[in-house]
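Chemist: Data file protein-v7.cif (mmCIF, C-alpha atoms) is appended below.
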data_upload
loop_
_atom_site.label_atom_id
_atom_site.label_comp_id
_atom_site.auth_asym_id
_atom_site.auth_seq_id
_atom_site.Cartn_x
_atom_site.Cartn_y
_atom_site.Cartn_z
CA TYR U 1 70.56 147.42 28.89
CA GLU U 2 67.54 145.66 27.34
CA ARG U 3 69.51 143.89 24.61
CA THR U 4 69.50 140.10 24.67
CA ALA U 5 71.10 137.30 22.67
CA ASP U 6 67.81 136.62 20.88
CA GLU U 7 67.80 137.56 17.21
CA ASN U 8 64.03 138.12 17.04
CA GLU U 9 61.84 139.81 19.59
CA ALA U 10 59.34 136.99 19.28
CA ASP U 11 61.98 134.56 20.59
CA ILE U 12 62.16 136.25 24.01
CA PRO U 13 60.36 134.10 26.64
CA THR U 14 57.24 135.67 28.08
CA ALA U 15 58.66 135.46 31.60
CA LEU U 16 61.55 137.74 30.58
CA ARG U 17 59.41 140.40 28.97
CA LEU U 18 59.16 143.52 31.09
CA GLY U 19 55.99 144.91 29.68
CA ALA U 20 55.25 148.60 29.24
CA LYS U 21 54.67 149.43 32.92
CA ARG U 22 57.72 147.59 34.26
CA LEU U 23 59.86 149.06 31.50
CA GLU U 24 58.71 152.54 32.48
CA ARG U 25 59.58 151.90 36.14
CA ARG U 26 63.01 150.54 35.27
CA GLN U 27 63.77 153.55 33.08
CA LYS U 28 62.88 155.86 35.98
CA LEU U 29 65.09 153.85 38.33
CA VAL U 30 67.99 154.06 35.87
CA ARG U 31 67.55 157.82 35.64
CA LEU U 32 67.50 157.95 39.45
CA ARG U 33 70.79 156.05 39.48
CA ASP U 34 72.30 158.58 37.07
CA HIS U 35 71.21 161.47 39.31
CA ILE U 36 72.82 159.79 42.35
CA LYS U 37 76.09 159.14 40.51
CA ARG U 38 76.21 162.73 39.29
CA GLN U 39 75.60 164.09 42.79
CA LEU U 40 78.35 161.92 44.27
CA THR U 41 80.76 162.97 41.51
CA LEU U 42 80.04 166.67 42.04
CA GLU U 43 80.57 166.34 45.78
CA ALA U 44 83.81 164.41 45.31
CA GLU U 45 85.04 167.15 42.93
CA ASP U 46 84.04 169.79 45.49
CA LYS U 47 81.91 171.83 43.12
CA PRO U 48 80.41 175.15 44.33
CA ALA U 49 77.52 174.96 46.81
CA ALA U 50 75.02 176.31 44.26
CA VAL U 51 75.91 173.55 41.79
CA LEU U 52 75.62 170.88 44.49
CA GLU U 53 72.25 172.17 45.69
CA SER U 54 70.85 172.38 42.15
CA SER U 55 71.88 168.80 41.45
CA ARG U 56 70.51 167.62 44.80
CA LYS U 57 67.19 169.28 44.07
CA THR U 58 66.96 167.47 40.74
CA LEU U 59 67.78 164.18 42.46
CA ARG U 60 65.23 164.73 45.22
CA THR U 61 62.53 165.69 42.70
CA ALA U 62 63.15 162.54 40.66
CA TYR U 63 63.09 160.38 43.79
CA GLU U 64 59.90 161.90 45.20
CA ALA U 65 58.17 161.57 41.82
CA PHE U 66 59.05 157.89 41.63
CA VAL U 67 57.86 157.19 45.18
CA LYS U 68 54.60 159.04 44.50
CA ASP U 69 53.87 156.94 41.39
CA HIS U 70 55.37 153.56 42.34
CA GLY U 71 56.14 153.47 46.05
CA PRO U 72 59.52 153.13 47.77
CA VAL U 73 62.49 152.08 45.68
CA ASN U 74 63.12 149.16 48.06
CA ARG U 75 59.61 147.81 47.69
CA PRO U 76 60.24 144.25 46.37
CA VAL U 77 58.39 144.84 43.11
CA ASN U 78 60.71 147.79 42.40
CA ALA U 79 63.89 146.37 43.90
CA THR U 80 63.79 143.32 41.59
CA LEU U 81 64.01 145.63 38.58
CA VAL U 82 67.47 146.91 39.58
CA SER U 83 68.85 144.17 41.81
CA ASN U 84 70.60 142.47 38.87
CA MET U 85 72.20 145.68 37.60
CA PRO U 86 75.95 146.10 38.27
CA ASP U 87 75.27 149.32 40.16
CA GLY U 88 71.75 148.48 41.26
CA GLY U 89 72.87 148.67 44.88
CA LEU U 90 73.46 152.38 44.39
CA VAL U 91 69.79 152.84 43.51
CA LEU U 92 68.65 150.81 46.52
CA ALA U 93 70.95 152.92 48.72
CA SER U 94 68.76 155.95 47.99
CA GLU U 95 66.67 154.77 50.94
CA LEU U 96 67.34 153.53 54.46
CA ASN U 97 65.40 151.35 56.89
CA TYR U 98 62.75 150.02 54.52
CA LYS U 99 60.03 148.13 56.37
CA ALA U 100 57.40 146.19 54.49
CA PRO U 101 53.76 146.55 55.63
CA VAL U 102 52.24 143.96 57.96
CA SER U 103 48.52 143.40 57.46
CA LYS U 104 46.11 142.17 60.12
CA GLU U 105 46.12 138.70 58.59
CA GLN U 106 49.93 138.58 58.50
CA ALA U 107 50.15 139.88 62.07
CA ALA U 108 47.79 137.16 63.26
CA GLU U 109 49.91 134.45 61.63
CA SER U 110 53.36 135.78 62.56
CA GLY U 111 52.71 137.40 65.92
CA LEU U 112 54.07 140.74 64.67
CA ASP U 113 52.30 144.05 65.16
CA THR U 114 50.48 145.57 62.22
CA ARG U 115 52.30 148.43 60.53
CA LYS U 116 52.29 150.53 57.45
CA GLU U 117 55.03 150.50 54.84
CA SER U 118 57.80 152.92 55.82
CA VAL U 119 61.18 154.06 54.60
CA ASN U 120 63.64 156.93 55.15
CA PRO U 121 65.24 158.79 52.23
CA ALA U 122 69.04 158.54 52.30
CA PRO U 123 71.02 161.54 53.64
CA ILE U 124 72.19 162.39 50.12
CA MET U 125 68.68 163.76 49.45
CA GLU U 126 69.17 166.48 52.07
CA ARG U 127 72.86 167.17 52.54
CA ARG U 128 76.37 166.56 51.37
CA VAL U 129 77.63 163.02 52.08
CA VAL U 130 81.14 163.23 50.55
CA PRO U 131 82.85 165.72 52.86
CA LYS U 132 85.23 168.28 51.48
CA TYR U 133 88.81 167.38 52.23
CA GLU U 134 90.94 170.26 53.36
CA PRO U 135 94.60 169.42 53.99
CA GLN U 136 95.83 170.25 57.47
CA THR U 137 97.82 173.47 57.72
CA LYS U 138 98.98 173.14 61.33
CA ALA U 139 99.85 170.46 63.85
CA ALA U 140 100.13 170.79 67.60
CA SER U 141 103.25 168.64 67.81
CA SER U 142 105.74 166.76 65.71
CA ALA U 143 103.99 163.52 66.63
CA ASP U 144 100.72 164.90 65.29
CA ALA U 145 102.51 166.08 62.16
CA LEU U 146 103.84 162.55 61.66
CA ILE U 147 100.32 161.12 61.83
CA ILE U 148 99.02 163.70 59.35
CA THR U 149 101.88 163.02 56.93
CA LEU U 150 101.45 159.26 57.12
CA SER U 151 97.76 159.64 56.38
CA GLU U 152 98.39 161.97 53.45
CA ARG U 153 101.41 160.36 51.82
CA GLY U 154 101.97 156.98 53.46
CA ARG U 155 105.58 157.77 54.40
CA VAL U 156 107.73 160.00 56.60
CA ASP U 157 108.03 163.43 54.95
CA LEU U 158 110.19 165.71 57.08
CA GLU U 159 109.64 168.76 54.88
CA ARG U 160 105.84 168.51 55.20
CA MET U 161 106.07 167.83 58.95
CA ALA U 162 108.34 170.80 59.52
CA ALA U 163 105.87 173.04 57.69
CA LEU U 164 102.98 171.77 59.85
CA VAL U 165 104.70 172.59 63.16
CA GLY U 166 106.68 175.64 61.99
CA LYS U 167 110.05 174.18 62.88
CA THR U 168 113.15 173.00 61.09
CA GLU U 169 113.52 169.43 59.92
CA GLU U 170 116.34 168.93 62.43
CA GLN U 171 114.08 170.03 65.29
CA VAL U 172 111.33 167.66 64.12
CA VAL U 173 113.79 164.76 64.03
CA GLU U 174 115.05 165.62 67.51
CA GLU U 175 111.52 165.65 68.93
CA LEU U 176 110.45 162.41 67.22
CA GLN U 177 113.59 160.56 68.33
CA GLY U 178 113.39 161.78 71.91
CA GLY U 179 111.96 159.84 74.83
CA ASP U 180 112.04 156.13 75.59
CA LYS U 181 110.31 155.13 72.34
CA PRO U 182 111.51 157.04 69.25
CA LEU U 183 108.84 157.36 66.56
CA ILE U 184 111.15 157.48 63.53
CA PHE U 185 114.52 156.00 62.56
CA LYS U 186 116.89 156.58 59.65
CA ASP U 187 117.74 153.40 57.78
CA PRO U 188 121.51 153.50 57.11
CA GLU U 189 121.16 151.14 54.13
CA SER U 190 118.49 153.08 52.20
CA GLY U 191 119.18 156.52 53.67
CA THR U 192 115.42 157.11 54.17
CA TRP U 193 113.46 157.89 57.30
CA GLU U 194 111.02 155.21 58.47
CA THR U 195 108.46 154.92 61.23
CA ALA U 196 109.39 152.80 64.23
CA ASN U 197 106.60 150.45 63.18
CA SER U 198 108.38 149.85 59.87
CA TYR U 199 112.04 149.98 60.90
CA LEU U 200 111.74 147.74 63.96
CA SER U 201 110.29 144.84 61.99
CA GLY U 202 111.29 142.57 59.13
CA GLN U 203 114.96 141.51 58.85
CA VAL U 204 115.96 142.98 62.21
CA ARG U 205 119.21 141.00 62.52
CA LYS U 206 120.43 142.36 59.19
CA LYS U 207 119.34 145.86 60.22
CA LEU U 208 121.25 145.53 63.50
CA VAL U 209 124.46 144.65 61.66
CA ALA U 210 124.00 147.68 59.37
CA ALA U 211 123.24 149.99 62.31
CA LYS U 212 126.37 148.86 64.16
CA ALA U 213 128.48 149.37 61.04
CA ALA U 214 127.09 152.92 60.70
CA ASP U 215 127.66 153.56 64.45
CA MET U 216 124.00 154.61 64.93
CA THR U 217 123.65 154.18 68.69
CA LEU U 218 119.92 154.95 68.86
CA ASN U 219 119.12 152.42 66.13
CA VAL U 220 121.33 149.77 67.72
CA LYS U 221 119.69 150.17 71.13
CA ALA U 222 116.17 149.91 69.70
CA LEU U 223 117.01 146.95 67.45
CA GLU U 224 118.76 145.02 70.23
CA ALA U 225 115.63 145.32 72.36
CA ILE U 226 113.40 143.61 69.80
CA GLN U 227 115.69 140.86 68.46
CA PRO U 228 113.86 137.52 68.33
CA ALA U 229 114.75 135.12 71.14
CA LEU U 230 117.47 132.68 70.11
CA TRP U 231 116.33 129.16 69.39
CA THR U 232 118.02 126.38 71.32
CA ALA U 233 119.24 123.06 69.96
CA ASP U 234 116.07 121.24 71.08
CA GLN U 235 114.02 123.60 68.85
CA VAL U 236 116.17 123.10 65.73
CA THR U 237 115.72 120.11 63.43
CA VAL U 238 118.54 119.29 61.02
CA MET U 239 117.54 117.17 58.02
CA LEU U 240 120.09 115.23 55.97
CA GLY U 241 120.52 117.31 52.83
CA SER U 242 119.63 120.68 54.40
CA THR U 243 121.46 123.32 52.35
CA TRP U 244 122.20 125.54 55.35
CA VAL U 245 124.43 122.85 56.91
CA PRO U 246 128.13 123.44 56.06
CA PRO U 247 129.30 120.86 53.47
CA ALA U 248 132.27 120.03 55.72
CA MET U 249 129.82 118.55 58.22
CA TYR U 250 128.53 116.11 55.63
CA ALA U 251 132.14 115.12 54.94
CA GLN U 252 132.54 114.48 58.69
CA PHE U 253 129.40 112.36 58.63
CA TYR U 254 130.83 110.30 55.78
CA GLU U 255 133.98 109.73 57.82
CA HIS U 256 131.79 108.70 60.77
CA LEU U 257 130.04 106.15 58.54
CA THR U 258 133.01 104.67 56.68
CA GLY U 259 136.13 105.68 58.57
CA GLY U 260 137.47 107.26 55.37
CA ARG U 261 137.90 110.92 54.52
CA ALA U 262 135.96 112.82 51.86
CA ARG U 263 135.57 116.31 50.39
CA ALA U 264 132.09 117.81 50.19
CA SER U 265 131.00 120.96 48.35
CA TYR U 266 127.73 122.71 47.56
CA ALA U 267 126.90 124.50 44.29
CA ARG U 268 124.26 127.15 44.93
CA ALA U 269 123.60 127.70 41.22
CA THR U 270 122.46 124.10 40.73
CA ASN U 271 121.43 123.42 44.36
CA THR U 272 123.50 120.23 44.45
CA PHE U 273 126.04 118.64 46.77
CA ASN U 274 129.16 116.86 45.52
CA LEU U 275 130.78 114.24 47.78
CA VAL U 276 134.21 112.93 46.71
CA PRO U 277 135.90 110.20 48.82
CA GLY U 278 139.56 110.64 49.68
CA GLU U 279 142.31 108.62 48.04
CA ASP U 280 142.60 106.32 51.04
CA GLY U 281 138.99 105.19 50.49
CA PRO U 282 136.60 103.88 53.14
CA ARG U 283 138.12 101.80 55.93
CA HIS U 284 134.99 99.68 56.44
CA GLY U 285 131.83 98.99 54.47
CA ASP U 286 129.24 98.75 57.24
CA TRP U 287 127.04 101.34 55.46
CA SER U 288 127.49 100.00 51.96
CA SER U 289 125.11 97.65 50.23
CA GLY U 290 125.55 95.20 47.37
CA GLY U 291 126.28 97.34 44.34
CA ALA U 292 125.71 100.60 46.31
CA PRO U 293 128.69 102.01 48.24
CA ALA U 294 128.10 104.39 51.16
CA GLN U 295 129.36 107.35 49.11
CA TYR U 296 126.70 106.73 46.44
CA ILE U 297 123.86 106.33 48.94
CA LEU U 298 124.86 109.44 50.91
CA SER U 299 125.27 111.53 47.73
CA ARG U 300 121.79 110.56 46.56
CA LEU U 301 120.31 111.46 49.96
CA LEU U 302 122.09 114.84 50.05
CA ASN U 303 120.56 115.72 46.68
CA SER U 304 117.07 114.27 47.37
CA GLN U 305 117.49 111.73 44.60
CA PRO U 306 116.18 108.14 44.58
CA VAL U 307 118.56 105.34 45.52
CA VAL U 308 118.53 102.81 42.67
CA VAL U 309 120.92 99.94 41.91
CA MET U 310 121.33 98.95 38.23
CA THR U 311 122.71 95.71 36.85
CA PRO U 312 125.81 96.02 34.62
CA ALA U 313 125.19 96.19 30.90
CA THR U 314 125.85 93.02 28.88
CA ARG U 315 126.43 92.38 25.20
CA ASP U 316 122.77 91.38 24.87
CA GLU U 317 121.03 94.09 26.95
CA GLY U 318 121.65 97.41 28.63
CA PRO U 319 121.62 98.13 32.37
CA ARG U 320 118.38 97.52 34.20
CA ARG U 321 117.07 98.06 37.72
CA ASP U 322 117.95 95.30 40.17
CA ASP U 323 114.91 95.22 42.46
CA GLU U 324 116.51 93.10 45.18
CA LEU U 325 119.70 95.15 45.45
CA THR U 326 117.70 98.39 45.20
CA SER U 327 115.52 97.35 48.16
CA MET U 328 118.65 96.58 50.21
CA ALA U 329 120.22 99.93 49.30
CA GLN U 330 117.04 101.84 50.14
CA LEU U 331 116.88 100.08 53.51
CA MET U 332 120.46 101.19 54.13
CA ALA U 333 119.52 104.74 53.09
CA ARG U 334 116.71 104.88 55.66
CA GLY U 335 119.13 103.75 58.31
CA MET U 336 121.60 106.42 57.21
CA VAL U 337 118.95 109.13 57.68
CA THR U 338 118.23 107.87 61.20
CA GLU U 339 121.93 107.68 62.00
CA PHE U 340 122.46 111.28 60.86
CA ALA U 341 119.65 112.51 63.13
CA ASP U 342 121.35 110.81 66.10
CA TRP U 343 124.88 111.86 65.15
CA VAL U 344 124.46 115.51 64.15
CA PHE U 345 123.82 116.90 67.67
CA ARG U 346 125.88 114.32 69.56
CA ASP U 347 128.93 116.61 69.61
CA SER U 348 128.54 119.82 71.65
CA GLU U 349 130.67 121.95 69.31
CA ARG U 350 128.75 120.77 66.26
CA ARG U 351 125.47 121.36 68.07
CA SER U 352 126.45 124.93 69.01
CA GLU U 353 127.69 125.72 65.50
CA LEU U 354 124.52 124.48 63.79
CA THR U 355 122.23 126.25 66.26
CA ALA U 356 124.12 129.52 65.69
CA ILE U 357 123.92 129.11 61.90
CA PHE U 358 120.17 128.45 62.08
CA ASN U 359 119.56 131.55 64.21
CA ASP U 360 121.66 133.72 61.90
CA LYS U 361 119.93 132.48 58.75
CA TYR U 362 116.32 131.90 59.73
CA ASN U 363 115.54 133.33 63.15
CA THR U 364 116.02 136.87 61.89
CA ARG U 365 112.61 138.46 61.44
CA VAL U 366 110.10 140.31 63.57
CA GLN U 367 106.54 140.33 62.29
CA ARG U 368 105.35 143.84 61.60
CA GLN U 369 102.27 145.03 63.44
CA HIS U 370 100.29 147.58 61.44
CA ASP U 371 98.50 150.31 63.35
CA GLY U 372 96.27 152.39 61.09
CA GLN U 373 94.37 154.40 63.68
CA HIS U 374 95.97 157.60 62.38
CA LEU U 375 94.17 157.32 59.02
CA ILE U 376 91.74 160.11 58.15
CA LEU U 377 90.46 158.56 54.87
CA PRO U 378 89.67 161.80 52.98
CA GLY U 379 86.58 161.45 50.80
CA LYS U 380 84.94 158.77 52.95
CA VAL U 381 81.33 159.33 53.96
CA PRO U 382 80.86 160.53 57.58
CA ASP U 383 81.30 157.97 60.35
CA GLU U 384 77.59 158.16 61.16
CA ILE U 385 76.97 156.51 57.78
CA LEU U 386 79.96 154.15 57.67
CA SER U 387 82.56 153.95 60.41
CA MET U 388 85.68 151.83 59.92
CA ARG U 389 86.48 149.45 62.77
CA ARG U 390 89.93 149.22 64.30
CA HIS U 391 90.95 146.05 62.42
CA GLN U 392 89.76 147.61 59.15
CA LYS U 393 91.97 150.70 59.59
CA ASN U 394 94.91 148.48 60.53
CA THR U 395 94.38 146.44 57.36
CA ILE U 396 94.04 149.56 55.18
CA TRP U 397 97.32 150.89 56.59
CA ARG U 398 99.04 147.58 55.92
CA GLY U 399 97.73 147.73 52.35
CA ILE U 400 99.29 151.19 51.99
CA ALA U 401 102.62 150.14 53.49
CA GLU U 402 102.90 146.86 51.54
CA ARG U 403 102.30 146.15 47.84
CA PHE U 404 100.99 142.63 48.32
CA MET U 405 98.58 141.31 50.91
CA LEU U 406 95.73 138.87 51.46
CA ILE U 407 92.68 140.12 53.37
CA ASP U 408 91.58 136.78 54.82
CA HIS U 409 88.91 138.13 57.15
CA ALA U 410 85.78 136.23 58.09
CA VAL U 411 82.51 136.95 56.32
CA GLY U 412 80.93 140.02 57.90
CA ALA U 413 84.20 141.57 59.06
CA GLY U 414 83.95 144.32 56.44
CA LYS U 415 86.74 143.24 54.09
CA THR U 416 84.91 144.60 51.04
CA PHE U 417 84.90 148.15 52.43
CA THR U 418 88.48 147.58 53.64
CA GLY U 419 89.68 146.58 50.17
CA ILE U 420 87.90 149.51 48.53
CA ALA U 421 89.32 151.98 51.05
CA ARG U 422 92.81 150.58 50.56
CA ALA U 423 92.58 151.04 46.79
CA MET U 424 91.22 154.59 47.16
CA GLU U 425 93.94 155.59 49.61
CA ARG U 426 96.77 154.20 47.48
CA ARG U 427 95.37 156.04 44.48
CA ARG U 428 95.03 159.29 46.44
CA MET U 429 98.64 158.97 47.59
CA GLY U 430 99.83 158.35 44.04
CA LEU U 431 100.77 154.71 44.74
CA TYR U 432 98.12 153.36 42.32
CA LYS U 433 96.97 154.73 38.99
CA LYS U 434 94.04 152.48 38.07
CA PRO U 435 92.91 150.30 40.98
CA MET U 436 90.29 147.68 40.17
#
Write out the structure in this file as structure tokens.
Modeler:
Amino acid sequence: YERTADENEADIPTALRLGAKRLERRQKLVRLRDHIKRQLTLEAEDKPAAVLESSRKTLRTAYEAFVKDHGPVNRPVNATLVSNMPDGGLVLASELNYKAPVSKEQAAESGLDTRKESVNPAPIMERRVVPKYEPQTKAASSADALIITLSERGRVDLERMAALVGKTEEQVVEELQGGDKPLIFKDPESGTWETANSYLSGQVRKKLVAAKAADMTLNVKALEAIQPALWTADQVTVMLGSTWVPPAMYAQFYEHLTGGRARASYARATNTFNLVPGEDGPRHGDWSSGGAPAQYILSRLLNSQPVVVMTPATRDEGPRRDDELTSMAQLMARGMVTEFADWVFRDSERRSELTAIFNDKYNTRVQRQHDGQHLILPGKVPDEILSMRRHQKNTIWRGIAERFMLIDHAVGAGKTFTGIARAMERRRMGLYKKPM
């Protein structure tokens, strides 16, 4: 820990030299850290009471000896010796409620009352702080068994739930699917049981189709009740070149512009449209520009490509950009975009068709709400030391249910503890091997 990048001891600046007394204090603090880590490890491993008490006595003796010789660990002169250590916070956590002394002179200047230096040893000095986790052996109801199983394994486990309530799996399913709000559903696509929180969210339109195909009346009824409200035409914006618009509609738009027929197709592999005019050709050229026919301009717009007009190649030089004709063609292209926006919803049948397509493709999801109030968090210190707030438990549960997430909480909302708890829970459930 004392190694530096200096090759010679004489090169170390005086300000960075600890000196014999400070070195001695730091070594004691490091040993105190080791005692704390050992005690926490023994408690987490649920070692026998005699082993825990022996280790705690060693820890308490080392702490009391340090305080007797050098004062509280959190006294600034001591705290600075460990504050830059990666686990220095663990050493400082050996005490609670440190209050620096206030002398008569300081009291007169600040208006505070005089007081002596005070501090409280942390609970680990007197008792166990990592409680022993004992798996539940009984549950009062199937609903309680579901909560216990979700906390233990992060999923619906009918076998474990049946053992907790002393019933068959079929009886557990019957109880959890009874009432106005069933607590679990079987997904016909995956064949697995899911909580209502999980099943009645996400791609609910797709799930409804699957439930109807499997003739699962209970699932259908629940899914129909939470389908997102259909968007109306005034809420849908159709952009020229949108890939969800049927290609035939772009062919109709070409006919609207030129009076001539065309065939339009879309290649998903290359994400490109192909517009081919019919043999009869356009009947009028109102939307064409010098050197840029309407078919060319529309094709470029459908594929989000720039509209450029090139001069023909000559014997002396190759084709080059014609700035004047290009400006005219681009002006025509902007007008074509505006015309499409006015035309696309002008026809009631076309408007209904596009609105239905949009709802089927994009208005299909229900945002999942994660309720983690059932979590027990085995291995966490007692709530009197650190109690998780409601939003923290909800976030931890979301982190168990989903592989990827962003905890974008405000500073002070406890996201550090939330992230740590999420990693510990996923590891305990076997979902992580080496969380960092």
Chemist: Around the point (75.1, 155.1, 62.0) in the file's coordinates, collect all residues with an atom within 12 Å, using only C-alpha atoms, and return them as an NGL selection string.
Modeler: :U and (96-97 or 122-123 or 381-388)
Chemist: What would the file look like if the residues just selected were written as an mmCIF file, keeping the file's coordinate frame with C-alpha atoms?
Modeler:
data_model
loop_
_atom_site.group_PDB
_atom_site.id
_atom_site.type_symbol
_atom_site.label_atom_id
_atom_site.label_comp_id
_atom_site.auth_asym_id
_atom_site.auth_seq_id
_atom_site.Cartn_x
_atom_site.Cartn_y
_atom_site.Cartn_z
ATOM 1 C CA LEU U 96 67.340 153.530 54.460
ATOM 2 C CA ASN U 97 65.400 151.350 56.890
ATOM 3 C CA ALA U 122 69.040 158.540 52.300
ATOM 4 C CA PRO U 123 71.020 161.540 53.640
ATOM 5 C CA VAL U 381 81.330 159.330 53.960
ATOM 6 C CA PRO U 382 80.860 160.530 57.580
ATOM 7 C CA ASP U 383 81.300 157.970 60.350
ATOM 8 C CA GLU U 384 77.590 158.160 61.160
ATOM 9 C CA ILE U 385 76.970 156.510 57.780
ATOM 10 C CA LEU U 386 79.960 154.150 57.670
ATOM 11 C CA SER U 387 82.560 153.950 60.410
ATOM 12 C CA MET U 388 85.680 151.830 59.920
#
Chemist: What is the distance between atom CA of U:Gly278 and atom CA of U:Ala262, in Å to one decimal?
Modeler: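 The value is 4.7 Å.
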Chemist: For the structure provided, state which residues fall under the PyMOL selection byres ((chain U and resi 430-433) around 12), and present them as a ChimeraX atom specification.
Modeler: /U:152-155,399-403,422-429,434-436
Chemist: U:Asp286: which residues within 10 Å, counting only C-alpha atoms, same-chain residues fewer than 3 positions away excluded, as a PyMOL selection string?
Modeler: chain U and resi 257-259+282-283+289+293-294+332
Chemist: Run the PyMOL selection byres ((chain U and resi 232-240) around 9) mentally over the shown coordinates, then write out the matched residues as a list of chain:residue names, using the chain letters and numbers from the document.
Modeler: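 So the PyMOL selection byres ((chain U and resi 232-240) around 9) ends up selecting U:Leu230, U:Trp231, U:Gly241, U:Ser242, U:Thr243, U:Val245, U:Tyr250, U:Leu301, U:Leu302, U:Val337, U:Phe340, U:Ala341, U:Val344, U:Phe345, U:Arg351, U:Ser352, U:Leu354, U:Thr355, U:Ala356, U:Phe358, U:Asn359.
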Chemist: What is the atom CA of U:Arg128-atom CA of U:Val91 distance in Å, reported with one decimal?
Modeler: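 Separating atom CA of U:Arg128 from atom CA of U:Val91 is a distance of 17.1 Å.
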Chemist: Need the neighbours of (88.4, 146.7, 54.3): which residues are at most 10 Å away, counting all atoms listed in the file, as a CSV table (one decimal) with C-alpha atoms, in the frame of the given file?
Modeler:
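And here's selection-v1.csv as it stands now:
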chain,number,residue,atom,x,y,z
U,388,MET,CA,85.7,151.8,59.9
U,389,ARG,CA,86.5,149.4,62.8
U,391,HIS,CA,91.0,146.0,62.4
U,392,GLN,CA,89.8,147.6,59.2
U,393,LYS,CA,92.0,150.7,59.6
U,394,ASN,CA,94.9,148.5,60.5
U,395,THR,CA,94.4,146.4,57.4
U,396,ILE,CA,94.0,149.6,55.2
U,399,GLY,CA,97.7,147.7,52.4
U,407,ILE,CA,92.7,140.1,53.4
U,409,HIS,CA,88.9,138.1,57.2
U,413,ALA,CA,84.2,141.6,59.1
U,414,GLY,CA,84.0,144.3,56.4
U,415,LYS,CA,86.7,143.2,54.1
U,416,THR,CA,84.9,144.6,51.0
U,417,PHE,CA,84.9,148.2,52.4
U,418,THR,CA,88.5,147.6,53.6
U,419,GLY,CA,89.7,146.6,50.2
U,420,ILE,CA,87.9,149.5,48.5
U,421,ALA,CA,89.3,152.0,51.0
U,422,ARG,CA,92.8,150.6,50.6
U,423,ALA,CA,92.6,151.0,46.8
Chemist: So, counting all atoms listed in the file, which residue among U:Ala333, U:His284, U:Glu279, U:Arg320 is closest to U:Ser304?
Modeler: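 Once distances to U:Ser304 are computed over all atoms listed in the file, the minimum belongs to U:Ala333.
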Chemist: Return the single residue from U:Leu183, U:Ile297, U:Met328, U:Leu150 that is closest to U:Ile376, with distances computed using all atoms listed in the file.
Modeler: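 Using all atoms listed in the file, U:Ile376 sits closest to U:Leu150.
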Chemist: Neighbours of U:Ala93 within 10 Å (only C-alpha atoms; same-chain residues fewer than 6 positions away dropped), as a ChimeraX atom specification?
Modeler: /U:33,36,73-74,121-124
Chemist: What box, with edges along x, y and z, holds each listed atom of stretch 238-255 of chain U when 6 Å is added on every side, and can you state its centre and edge lengths in Å to one decimal, as JSON?
Modeler:
{"center_x": 125.8, "center_y": 117.6, "center_z": 56.7, "size_x": 28.4, "size_y": 27.8, "size_z": 20.7}
Chemist: Of the residues U:Lys206, U:Lys37, U:Lys181, U:Arg334, which is the one nearest to U:Asp87, using only C-alpha atoms?
Modeler: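 With only C-alpha atoms as the atom set, the closest residue is U:Lys37.
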Chemist: Step by step, work through what the PyMOL selection byres ((chain U and resi 133-141) around 6) selects in the shown file, and finish by giving those residues as a list in words.
Modeler: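 Answer for the PyMOL selection byres ((chain U and resi 133-141) around 6): Lys132, Ser142, Ala143, Asp144, Ala145, Leu164, Val165 and Pro378 of chain U.
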